[in-house]
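A.B. asks: The structure that follows is given in the form of structure tokens.
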Amino acid sequence: MNKIATPIPEDLIRKMFRRFTEEEIIPRAREMDEANEFPRWMFEKVARTGAYGIRYSPRVGGGGGNTTQFCVMVEELARGSMSVAAFTAMQCLMGTNFLYEYGTPDHHERLFKPAIRGEKVASFALTEADAATDLAGVKTIARQDGDEWIINGSKTWITNAPCADFFTVLCQTDKSKGLRGLNFFLIERGTPGLYVSKKFDKLGTRATEISELAFTDVRVPFENRLGKEGQGVSNLMRMLGVIRAMTAALSLGLARAAYEHAARYAMERTQFGKKIGSFQLVQQKIANMATEIWASQLMVYKVTEMIDRGERPLKEASMAKYFASEVACRAADEATRVFGAYSYSMEYDVQRFYRDCRFLLFGGGTSEILQTIISRECGVF
Amino acid sequence: MNIVVLVKQVPNTHDVRIDPKTGNLIREGVESIINPEDRHALEAALGIKDRLGAEITALTMGPPQAIEVICEAVATGADRGILLSDKAFAGADTWATSTALGLAIKRIGEFDIILAGRQAIDGDTAQIGPQVAEFLGIPQLTYVRDLEVLEGKITAERVLEDGCERIEAPFPVLLTVLAALNEPRHPTVAGMLRSASERAPIEVWNAADIGAKALDVGFLGSLTQVTRTFTPKEARNTRHLEGSPGSVAAQLIQCLQEQGIRLGE
Amino acid sequence: MAVSIDVDKCNGCGMCSRSCPYLALVIEDKKAKWLEERCTLCGACLESCKFGALTGEMPTREVPDFSDYRDVWVFVEQHDGALHRSAFELIGCARGLADDLGQKVAVAVFGAEVKGQAQDLIRHGADRCIVVEDPGLAYYRTCTYTHVLGEIIRGYKPGILLIAATHLGRDLAPRLARRMGLGLTADCTRLSIDPEEKILLQTRPAFGGNIMATIVSRFSRPQTATVRPGIMKALEPDATRTGEIVVEELDMAECREFTHVLECVLQEKKRADLAAAKIIVAGGRPVCSERGIEVLREFAEAVGAEVACTRVVVEEGFLPVEHQVGQTGQSVRPEVYFACGISGAIQHKAGMDGSRYIVAINKDPDAPIFGVADYAIVGDLFEILPALTRSIKGS
């Protein structure tokens with residue numbers, strides 16, 4: 001038997017999800033957006049590919065993939081629908097990661113494994129009315145009472161909350177310790193005192209649902225604290241690079257979709273008896289989009305490569321996320337200009353890109369805060 | 001039960017464009033994909049495996065990068081994958097291809113069912129299935145849109161030009177299937193990542209491995225040769241048809257007839 | 001024996017072993033050894049030995065003498081004794097080829113009772129009609145037909161054999177070709193004789209119709225091709241033509257049939273989806289009326305086409321959404337697309353400009369649809385379509 005090179009796993013994942021996106025997502029993307037609700041059928045379709053377990057070990061039913069492969073997957077999904085990519089990312093990473101690392105065997109059997117099979121929806125609650133990137137401002141309190149925790153407070157802008165079966169919630173256990181007094185807690189839907197608001201009406205990503213959570217004397221067992229006492233923030237920081245790389249990959253997927261639509265249209269649409277793609281000002285837009293997308297791509301996958309080597313490239317991940325999300329917004333904007341009045345029609349997809357790209361500007365940290373972080377990393381603060 | 005699924009890697013012909021200046025195919029940027037109908041063949045095999053249990057072997061012949069379709073088949077649920085890859089196989093027509101595939105199937109061993117797509121989108125010949133069946137001396141059922149596996153035999157619904165027939169065949173049997181047969185599943189992430197690893201149950205065989213002689217396979221073993229390729233049709237030359245409705249109708253019917261299209265048949 | 005090793009000259013240097021891509025030459029006890037079962041006779045080793053120890057002769061490929069293979073044959077497809085429409089087309093095509101070669105056209109027709117068709121085949125251009133009648137041939141079955149056609153070929157040695165590229169023909173031809181060792185070209189749309197070599201040039205579309213390829217069969221006879229129905233021209237029947245009718249008796253017991261037909265359902269054409277349609281008749285805003293849809297449907301029925309429309313027709317409620325072609329509907333690439341009263345907005349063109357031939361009918365001579373049309377008709381679809389329907393029904 002002769003040997004030949006085995007294929008590159010990233011390429012296989014990309015091909016697989018490119019086709020999945022083209023066959024399953026793109027034909028239904030508009031419909032999902034218009035329905036303005038969580039498409040559970042699509043959530044289950046994605047689940048059947050094993051996507052939600054891509055980052056986790058085959059021992060727990062995962063795919064054993066790395067961050068690069070995870071980002072390739074969400075990039076391809078985002079090319080079809082930012083909503084689908086967003087809830088997939090939540091299910092793969094933030095919603096399940098702490099449960100995977102710190103959950104009990106019972107949590108694994110009852111919640112984690114069903115979640116990566118797509119039988120349960122996971123969510124992650126960090127942001128509060130007065131706290132987001134400013135974690136020290138978290139006011140949701142968990143107080144120990146015997147072998148239970150009693151949780152009080154509220155969270156907002158929680159992706160998947162209206163349909164989630166369980167939440168990983170950042171709470172303060174000891175205000176005096178500042179960031180070291182923060183911990184993650186598992187709260188299951190149906191726990192008395194947990195209130196889930198009705199979903200927000202949003203500009204974009206209309207097929208993911210976002211709402212508020214409120215906790216009034218919510219009692220959870222002691223083992224629902226995910227991680228060692230006081231380690232919440234440091235555990236989160238370990239994941240932050242992946243979150244930003246992933247958000248950058250989502251941005252890349254959307255930018256590519258906007259670019260591809262614009263490039264195709266430029267070669268179809270005629271004005272003054274010529275394809276609009278023959279006009280230099282249109283060519284400039286296409287060239288800029290393509291160039292910036294390439295730059296984003298290099299940044300995103302350089303960062304994921306570093307993460308996969310075991311490094312913690314927080315500065316680079318912040319740069320990649322900042323740059324890629326801005327590129328996505330510019331690409332969506334330029335695409336609408338190439339489409340002219342048609343971009344204003346709900347019949348075309350560019351309007352959806354234009355709305356969805358705004359999600360990228362704040363998810364994973366706003367551009368402004370990221371610039372502050374990058375500058376600080378550069379020694380200027 | 002043992003099932004062999006024949007798959008092929010093809011260029012996505014939807015992406016194929018012609019260079020307007022040279023008339024050549026532009027292959028750059030054209031994605032290689034698993035032949036669409038072959039996915040339905042694989043799904044049919046997986047369906048049988050789900051219901052009755054089966055050992056599925058995916059087999060393809062192609063250049064080294066065709067390993068991707070074998071990875072995909074294994075990632076979707078095939079138990080084993082074999083790529084026939086050798087310079088000696090290059091340039092094969094359907095005669096030489098069916099020789100290589102037939103020899104490989106003989107080496108795989110016992111089998112009950114061979115499944116393949118009706119035809120591949122790059123060639124559209126639909127010849128490989130019947131030729132492999134004849135090579136192996138087993139019955140063939142082509143254009144299958146429905147099938148049922150029973151004890152030691154299979155019944156299939158074949159699409160005819162003007163209807164369909166239900167037909168029964170004993171094992172071993174070869175079927176070529178239509179897209180209408182089923183809805184193919186996607187591979188899984190875990191399967192894909194495993195298929196790209198060293199542990200994957202995938203083998204690569206060359207001509208010697210299947211006992212083929214250089215003159216039996218590839219270009220040298222082919223009975224037909226391509227002598228010329230050319231672009232069928234230039235940009236549209238709009239022809240204006242004028243006159244009374246009746247005359248315009250007659251002109252149009254005549255024009256299309258000249259292009260080999262007869263309306264109303 | 002193709003490779004031999006002179007053990008006296010061999011010093012076991014291993015050069016030959018390294019030259020072999022198949023591990024068919026190994027060094028054992030300091031001498032080269034040839035493993036016949038792994039050798040593919042590729043010839044890679046022949047120049048490798050510096051000591052003259054390895055010699056061999058690789059088989060070469062020769063074109064056999066086919067001088068006793070002649071005439072152009074057509075396999076005639078019939079169902080229940082009725083000839084398939086492709087039969088006359090193939091005979092018409094074969095006639096031209098045979099005339100170029102100075103040979104005859106022969107046809108083979110099998111069935112339970114088909115002798116009565118022979119005269120008709122001769123009138124359409126056949127010189128000779130080989131008839132095989134047997135109750136077992138009433139209904140097409142792969143192995144039975146392969147056996148009978150194979151025996152006929154073996155006996156008569158045709159130079160060329162044409163089979164219609166129908167479902168039946170594409171089931172039969174590859175099976176037959178494999179059994180008889182024939183080169184086979186599928187789904188040809190053009191056939192001609194090479195003026196110098198006197199061989200059959202078989203032209204067919206490939207890569208989804210993006211290119212055409214011309215293929216020859218130099219190494220086997222008959223040169224066999226399946227031919228796409230509806231392309232070749234049948235000859236006008238000529239009642240004065242004469243020909244020979246031969247009834248062949250074959251021993252059907254020799255043929256092994258595996259399959260068993262349980263049921264055959266001939267059905268009315270089901271409503272196919274637009275993507276698979278050969279002909280599509282599509283209407284735009286002007287067909288938004290009961291009368292408009294009726295005119296469209298009547299024409300579509302007459303030409304065996306699927307009905308399609310633009311977005312506005314769906315929105316006005318005249319056709320369900322599965323008929324919509326364009327950016328938000330389906331993309332189609334039929335053989336012929338009739339755009340009736342469609343202005344040709346870019347979102348509609350995006351869904352249909354891959355069609356092989358586009359016929360545009362529109363009142364507005366400046367409608368953008370004419371830019372992508374092969375045939376442009378400036379006029380009212382309510383006059384043009386009924387005229388077309390009448391012409392087709394009348395013919």
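Identifiers in the structure tokens: chain A, B, ... in order shown; residue index from 1 per chain; ligand index from 1 in order shown.
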Would you list the contacts of segment 217-233 of chain A as a ChimeraX atom specification, taking every protein, DNA or RNA residue within 6 Å and counting only C-alpha atoms, but skipping same-chain residues closer than 5 positions in sequence?

C.D. replies: /A:102,147-152,180-186,193

A.B. asks: Let's have the selection written as a compact mmCIF listing (two decimals), in the first residue's frame, with all heavy atoms.

C.D. replies:
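Heads up, here's the output in part19.txt:
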```
# COMPACT_ATOMS: atom_id res chain seq x y z
N TYR A 102 -15.62 22.53 34.47
CA TYR A 102 -15.80 22.50 35.92
C TYR A 102 -17.08 21.82 36.39
O TYR A 102 -17.36 21.79 37.58
CB TYR A 102 -15.73 23.94 36.48
CG TYR A 102 -14.51 24.68 36.00
CD1 TYR A 102 -14.62 25.71 35.07
CD2 TYR A 102 -13.24 24.32 36.45
CE1 TYR A 102 -13.50 26.38 34.61
CE2 TYR A 102 -12.11 24.99 35.99
CZ TYR A 102 -12.25 26.02 35.06
OH TYR A 102 -11.14 26.66 34.60
N ASP A 147 -25.31 24.38 52.00
CA ASP A 147 -24.74 23.79 50.79
C ASP A 147 -25.41 24.32 49.53
O ASP A 147 -25.50 23.65 48.53
CB ASP A 147 -24.79 22.26 50.85
CG ASP A 147 -26.20 21.76 51.09
OD1 ASP A 147 -27.13 22.62 51.19
OD2 ASP A 147 -26.39 20.54 51.14
N GLU A 148 -25.90 25.52 49.64
CA GLU A 148 -26.52 26.14 48.46
C GLU A 148 -25.99 27.55 48.27
O GLU A 148 -25.38 28.12 49.18
CB GLU A 148 -28.05 26.22 48.65
CG GLU A 148 -28.74 24.88 48.53
CD GLU A 148 -30.25 25.03 48.57
OE1 GLU A 148 -30.74 25.94 49.27
OE2 GLU A 148 -30.93 24.24 47.89
N TRP A 149 -26.23 28.06 47.08
CA TRP A 149 -25.95 29.46 46.79
C TRP A 149 -27.29 30.15 46.54
O TRP A 149 -28.19 29.58 45.92
CB TRP A 149 -25.10 29.60 45.53
CG TRP A 149 -23.72 29.02 45.66
CD1 TRP A 149 -23.31 27.77 45.31
CD2 TRP A 149 -22.57 29.69 46.16
NE1 TRP A 149 -21.99 27.60 45.56
CE2 TRP A 149 -21.48 28.77 46.09
CE3 TRP A 149 -22.31 30.97 46.69
CZ2 TRP A 149 -20.19 29.09 46.50
CZ3 TRP A 149 -21.03 31.28 47.09
CH2 TRP A 149 -19.97 30.36 47.00
N ILE A 150 -27.37 31.39 47.02
CA ILE A 150 -28.59 32.17 46.75
C ILE A 150 -28.18 33.34 45.86
O ILE A 150 -27.29 34.12 46.22
CB ILE A 150 -29.23 32.70 48.05
CG1 ILE A 150 -29.52 31.51 48.97
CG2 ILE A 150 -30.49 33.49 47.75
CD1 ILE A 150 -29.98 31.92 50.36
N ILE A 151 -28.79 33.42 44.70
CA ILE A 151 -28.37 34.40 43.70
C ILE A 151 -29.44 35.48 43.53
O ILE A 151 -30.64 35.18 43.40
CB ILE A 151 -28.07 33.69 42.36
CG1 ILE A 151 -26.88 32.73 42.58
CG2 ILE A 151 -27.74 34.70 41.27
CD1 ILE A 151 -26.66 31.75 41.46
N ASN A 152 -28.96 36.73 43.52
CA ASN A 152 -29.85 37.87 43.29
C ASN A 152 -29.19 38.85 42.32
O ASN A 152 -27.99 39.07 42.40
CB ASN A 152 -30.15 38.59 44.61
CG ASN A 152 -31.20 37.86 45.41
OD1 ASN A 152 -32.38 37.90 45.09
ND2 ASN A 152 -30.73 37.14 46.42
N ARG A 180 -11.29 39.21 42.00
CA ARG A 180 -11.09 37.88 42.57
C ARG A 180 -12.30 37.38 43.34
O ARG A 180 -12.30 36.27 43.87
CB ARG A 180 -9.86 37.86 43.47
CG ARG A 180 -8.59 37.93 42.68
CD ARG A 180 -7.37 37.93 43.58
NE ARG A 180 -6.16 37.93 42.77
CZ ARG A 180 -5.66 36.84 42.23
NH1 ARG A 180 -6.23 35.67 42.42
NH2 ARG A 180 -4.58 36.91 41.47
N GLY A 181 -13.31 38.23 43.43
CA GLY A 181 -14.54 37.82 44.11
C GLY A 181 -15.62 37.41 43.12
O GLY A 181 -16.80 37.35 43.47
N LEU A 182 -15.22 37.16 41.86
CA LEU A 182 -16.22 36.81 40.84
C LEU A 182 -16.14 35.33 40.49
O LEU A 182 -15.04 34.77 40.38
CB LEU A 182 -15.98 37.64 39.57
CG LEU A 182 -16.26 39.15 39.70
CD1 LEU A 182 -15.71 39.90 38.51
CD2 LEU A 182 -17.75 39.41 39.87
N ASN A 183 -17.29 34.71 40.32
CA ASN A 183 -17.35 33.28 39.99
C ASN A 183 -18.50 33.02 39.02
O ASN A 183 -19.46 33.79 38.97
CB ASN A 183 -17.61 32.46 41.27
CG ASN A 183 -16.36 32.40 42.12
OD1 ASN A 183 -15.39 31.72 41.80
ND2 ASN A 183 -16.37 33.18 43.21
N PHE A 184 -18.36 31.91 38.28
CA PHE A 184 -19.44 31.50 37.38
C PHE A 184 -20.33 30.47 38.06
O PHE A 184 -19.84 29.58 38.77
CB PHE A 184 -18.87 30.92 36.09
CG PHE A 184 -18.35 31.98 35.16
CD1 PHE A 184 -17.00 32.28 35.11
CD2 PHE A 184 -19.23 32.70 34.37
CE1 PHE A 184 -16.53 33.27 34.26
CE2 PHE A 184 -18.76 33.69 33.52
CZ PHE A 184 -17.40 33.98 33.47
N PHE A 185 -21.64 30.60 37.82
CA PHE A 185 -22.61 29.67 38.41
C PHE A 185 -23.49 29.10 37.31
O PHE A 185 -23.84 29.80 36.35
CB PHE A 185 -23.47 30.39 39.44
CG PHE A 185 -22.70 30.75 40.68
CD1 PHE A 185 -21.96 31.92 40.72
CD2 PHE A 185 -22.66 29.89 41.76
CE1 PHE A 185 -21.22 32.24 41.85
CE2 PHE A 185 -21.92 30.21 42.89
CZ PHE A 185 -21.19 31.39 42.94
N LEU A 186 -23.84 27.85 37.52
CA LEU A 186 -24.77 27.20 36.60
C LEU A 186 -26.18 27.36 37.14
O LEU A 186 -26.45 27.00 38.29
CB LEU A 186 -24.42 25.71 36.50
CG LEU A 186 -25.47 24.84 35.81
CD1 LEU A 186 -25.54 25.15 34.32
CD2 LEU A 186 -25.17 23.36 36.03
N GLY A 193 -37.38 31.54 40.97
CA GLY A 193 -36.74 32.84 41.14
C GLY A 193 -36.02 33.32 39.90
O GLY A 193 -35.60 34.46 39.82
```

A.B. asks: Please list as a compact mmCIF listing (two decimals) with C-alpha atoms, in the first residue's frame every residue within 9 Å of segment 163-180 of chain C, counting only C-alpha atoms and excluding residues in the same chain fewer than 5 positions away.

C.D. replies:
```
# COMPACT_ATOMS: atom_id res chain seq x y z
CA THR B 94 -15.03 4.25 -18.74
CA TRP B 95 -13.73 0.90 -19.99
CA SER B 98 -14.47 -0.04 -14.78
CA THR B 125 -21.86 9.13 -19.11
CA ALA B 126 -23.73 6.87 -16.66
CA GLN B 127 -21.55 4.03 -17.92
CA ILE B 128 -19.40 3.08 -14.94
CA GLY B 129 -22.18 1.39 -12.97
CA PRO B 130 -23.29 -1.04 -15.69
CA GLN B 131 -19.71 -1.67 -16.79
CA VAL B 132 -18.58 -2.58 -13.29
CA ALA B 133 -21.63 -4.82 -12.91
CA GLU B 134 -20.80 -6.63 -16.14
CA PHE B 135 -17.13 -6.91 -15.17
CA GLN B 140 -27.47 -4.04 -12.40
CA LEU B 141 -30.38 -1.80 -11.51
CA THR B 142 -29.99 1.70 -12.92
CA TYR B 143 -32.05 4.88 -12.39
CA VAL B 159 -37.46 5.33 -13.40
CA LEU B 160 -38.25 4.75 -17.06
CA GLU B 161 -38.74 7.42 -19.69
CA TRP C 73 -25.97 -0.44 -37.26
CA VAL C 74 -28.78 0.95 -35.22
CA PHE C 75 -30.30 -0.78 -32.24
CA VAL C 76 -34.01 0.00 -32.50
CA GLU C 77 -35.78 0.67 -29.23
CA SER C 86 -35.43 7.86 -31.53
CA ALA C 87 -35.33 4.93 -33.95
CA LEU C 90 -30.78 7.21 -35.46
CA TYR C 140 -36.64 -4.87 -21.81
CA ARG C 141 -34.37 -6.61 -19.39
CA THR C 142 -30.70 -5.78 -19.20
CA CYS C 143 -29.01 -9.14 -19.41
CA TYR C 145 -31.07 -7.79 -24.35
CA THR C 146 -27.31 -7.63 -23.80
CA HIS C 147 -27.08 -11.29 -24.66
CA LEU C 149 -27.49 -7.87 -29.12
CA GLY C 150 -24.08 -9.29 -28.25
CA ILE C 153 -22.79 -8.30 -33.14
CA ARG C 154 -20.64 -11.36 -32.88
CA ALA C 186 -22.18 8.33 -24.19
CA ASP C 187 -24.86 10.76 -25.23
CA CYS C 188 -23.41 11.99 -28.52
CA THR C 224 -20.33 2.23 -30.31
CA ALA C 225 -22.11 5.39 -29.28
CA THR C 226 -25.30 6.32 -27.54
CA VAL C 227 -26.99 9.23 -29.25
CA ARG C 228 -29.05 11.91 -27.55
CA PRO C 229 -32.67 11.68 -28.70
```

A.B. asks: Where does chain A meet chain B within 10 Å, residue by residue, with the nearest atom pair and distance in Å to one decimal for each, counting only C-alpha atoms, listed by chain and rising number, as CSV?

C.D. replies:
```
residue,atom,partner,partner_atom,distance
A:Met1,CA,B:Trp205,CA,5.5
A:Asn2,CA,B:Val204,CA,5.8
A:Lys3,CA,B:Val204,CA,6.6
A:Ile4,CA,B:Pro64,CA,6.7
A:Ala5,CA,B:Pro64,CA,7.9
A:Thr6,CA,B:Ala196,CA,5.8
A:Pro7,CA,B:Ala196,CA,5.7
A:Ile8,CA,B:Ala196,CA,6.7
A:Pro9,CA,B:Ala196,CA,5.6
A:Glu10,CA,B:Leu193,CA,8.5
A:Asp11,CA,B:Glu68,CA,9.4
A:Leu12,CA,B:Met192,CA,6.7
A:Ile13,CA,B:Met192,CA,6.9
A:Lys15,CA,B:Ile33,CA,8.6
A:Met16,CA,B:Pro187,CA,7.3
A:Phe17,CA,B:His186,CA,9.3
A:Arg19,CA,B:His186,CA,9.0
A:Phe20,CA,B:His186,CA,7.4
A:Lys45,CA,B:His186,CA,9.5
A:Val46,CA,B:His186,CA,9.6
A:Ala47,CA,B:Thr188,CA,9.3
A:Arg48,CA,B:Thr188,CA,7.2
A:Thr49,CA,B:Thr188,CA,4.3
A:Gly50,CA,B:Thr188,CA,5.4
A:Ala51,CA,B:Val189,CA,6.0
A:Tyr52,CA,B:Val189,CA,9.1
A:Gly53,CA,B:Val189,CA,8.2
A:Ile54,CA,B:Val189,CA,6.4
A:Arg55,CA,B:Ala190,CA,9.9
A:Tyr56,CA,B:Ala190,CA,9.8
A:Ser57,CA,B:Ala190,CA,9.5
A:Pro58,CA,B:Ala190,CA,7.4
A:Gly61,CA,B:Ala190,CA,8.4
A:Gly62,CA,B:Ala190,CA,6.6
A:Gly63,CA,B:Ala190,CA,3.8
A:Gly64,CA,B:Ala190,CA,6.8
A:Gly65,CA,B:Leu193,CA,7.0
A:Gln69,CA,B:Leu193,CA,9.3
A:Phe70,CA,B:Val189,CA,9.9
A:Met73,CA,B:Val189,CA,9.5
```

A.B. asks: Could you pull the residues within 9 Å of segment 238-254 of chain C, counting only C-alpha atoms, minus those fewer than 3 positions along the same chain, as a ChimeraX atom specification?

C.D. replies: /C:115,118-120,122-134,136,144,147-148,151-152,235

A.B. asks: Out of segment 83-133 of chain C, which residues get helix (DSSP H, G or I) from DSSP, as number ranges by chain?

C.D. replies: C: 86-101, 115-123

A.B. asks: Write out as a PyMOL selection string the residues lying within 9 Å of Pro63 of chain B, counting only C-alpha atoms and excluding same-chain residues fewer than 6 positions away.

C.D. replies: chain B and resi 83-87+89-90

A.B. asks: Using only C-alpha atoms, find each residue in chain A having at least one atom no more than 9 Å away from chain C; report its shortest atom-to-atom pair and that distance in Å (one decimal), rows by chain then rising number, as a Markdown table.

C.D. replies:
```
| residue | atom | partner | partner_atom | distance |
| --- | --- | --- | --- | --- |
| A:Asn2 | CA | C:Tyr22 | CA | 8.9 |
| A:Glu268 | CA | C:Ile346 | CA | 7.3 |
| A:Arg269 | CA | C:Ile346 | CA | 6.7 |
| A:Thr270 | CA | C:Ile346 | CA | 8.8 |
| A:Glu347 | CA | C:Thr328 | CA | 7.0 |
| A:Tyr348 | CA | C:Thr328 | CA | 8.0 |
```

A.B. asks: Write out as number ranges by chain which residues come within 12 Å of Phe353 of chain A when counting only C-alpha atoms, dropping same-chain ones fewer than 5 positions away.

C.D. replies: A: 29-30, 33, 78-83, 203-206, 250-262, 328-336, 343-344, 346, 348, 358-360
